[in-house]
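Take a look at the structure set out below.
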Amino acid sequence: MKTFISNRLRIAALGLGLAAAAANGATAGEITSNATFPWLATGTVYTVTGNHPYFVGAFSGIYLFEDEASPLHHAAIQCPGFNDIGVSAAGYCNATDAAGDQLFLTWSCEAAAPPAGGLAACDGTAKFVGGTGKFAAASGSAHMFGVTVAVNPDGTTAGYTDLTGFDLTY
């Protein structure tokens with residue numbers, strides 16, 4: 001009889017533990033859809049070593065996912081970083097979804113040949129490194145290909161970054 005009661009208590013405790021985990025948002029999500037990040041870059045371009053341009057600033061815009069049901073579709077994203085123009089670029093990003101949860105990522109890329117109509121390009125990787133709310137345990141990566149398409153009269157630049165192989169678990 002003691003064993004029967006003890007086993008029932010264990011089963012009840014396990015059930016309560018699973019219910020508590022679900023209530024705490026322990027259910028994982030996944031995003032595997034490709035995305036585009038159209039951006040406007042603002043910051044400062046320095047001329048270094050004679051005539052080499054070096055940008056420090058932020059790329060800001062929104063995520064546009066092929067799967068419009070993605071919780072990050074239309075999420076605002078801001079990416080401070082540097083662009084050693086024609087060499088490499090890197091930085092960080094905070095993407096904020098409609099619920100206010102943030103996804104954190106790092107990115108880095110190397111100069112690449114731009115597609116037709118592009119002024120410059122960068123080929124690399126974005127890595128998901130956590131966040132807030134539902135993205136607190138976010139991990140994964142995506143291939144990124146960033147393209148500068150215009151330099152505006154005020155010095156800002158416009159472009160887009162395609163993210164393919166998007167593999168985010170949260």
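Order determines the names: the first chain of the structure tokens is A, the second B, and so forth; residues in each chain are numbered 1 upward, and ligands are numbered 1 upward as they are shown.
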Strand (DSSP E or B) call set, DSSP backbone run, range 18-156 of chain A, as a ChimeraX atom specification: /A:30-31,35-48,52-62,64-65,76-84,88-96,102-112,120-131,139-151
Alpha helix (DSSP H) positions in chain A, given as a list of chain:residue names: A:Lys2, A:Thr3, A:Phe4, A:Ile5, A:Ser6, A:Asn7, A:Arg8, A:Leu9, A:Arg10, A:Ile11, A:Ala12, A:Ala13, A:Leu14, A:Gly15, A:Leu16, A:Gly17, A:Leu18, A:Ala19, A:Ala20, A:Ala21, A:Ala22, A:Ala23
Surrounding residues of Tyr63 in chain A excluding itself and chain neighbours under 5 positions, 12 Å, only C-alpha atoms, as a VMD selection string: chain A and resid 33 to 39 68 70 to 78 93 to 98 103 160 to 163
Include C-alpha atoms and write out the residues we just selected as a PDB file, in the first residue's frame.
ATOM      1  CA  SER A  33      11.669  30.554 -42.951  1.00  0.00           C
ATOM      2  CA  ASN A  34      13.949  32.772 -45.062  1.00  0.00           C
ATOM      3  CA  ALA A  35      13.797  36.510 -44.382  1.00  0.00           C
ATOM      4  CA  THR A  36      14.840  39.865 -45.790  1.00  0.00           C
ATOM      5  CA  PHE A  37      15.934  42.796 -43.652  1.00  0.00           C
ATOM      6  CA  PRO A  38      15.609  46.075 -45.616  1.00  0.00           C
ATOM      7  CA  TRP A  39      17.663  48.691 -43.759  1.00  0.00           C
ATOM      8  CA  GLU A  68       4.222  35.641 -42.658  1.00  0.00           C
ATOM      9  CA  SER A  70       6.542  33.886 -38.133  1.00  0.00           C
ATOM     10  CA  PRO A  71       6.506  35.700 -34.771  1.00  0.00           C
ATOM     11  CA  LEU A  72       9.375  37.817 -36.133  1.00  0.00           C
ATOM     12  CA  HIS A  73       7.562  38.901 -39.332  1.00  0.00           C
ATOM     13  CA  HIS A  74       7.524  42.727 -39.217  1.00  0.00           C
ATOM     14  CA  ALA A  75       9.729  42.747 -36.087  1.00  0.00           C
ATOM     15  CA  ALA A  76      11.719  45.965 -35.679  1.00  0.00           C
ATOM     16  CA  ILE A  77      15.462  45.376 -35.839  1.00  0.00           C
ATOM     17  CA  GLN A  78      18.430  47.579 -35.032  1.00  0.00           C
ATOM     18  CA  CYS A  93      21.299  43.152 -33.442  1.00  0.00           C
ATOM     19  CA  ASN A  94      18.210  43.412 -31.280  1.00  0.00           C
ATOM     20  CA  ALA A  95      14.969  42.391 -33.011  1.00  0.00           C
ATOM     21  CA  THR A  96      11.746  43.279 -31.173  1.00  0.00           C
ATOM     22  CA  ASP A  97       8.533  41.439 -32.045  1.00  0.00           C
ATOM     23  CA  ALA A  98       4.944  42.710 -31.680  1.00  0.00           C
ATOM     24  CA  LEU A 103      15.903  38.358 -30.063  1.00  0.00           C
ATOM     25  CA  TYR A 160      18.918  44.950 -47.597  1.00  0.00           C
ATOM     26  CA  THR A 161      20.183  41.742 -46.062  1.00  0.00           C
ATOM     27  CA  ASP A 162      18.832  38.360 -47.155  1.00  0.00           C
ATOM     28  CA  LEU A 163      18.847  35.694 -44.436  1.00  0.00           C
TER      29      LEU A 163
END
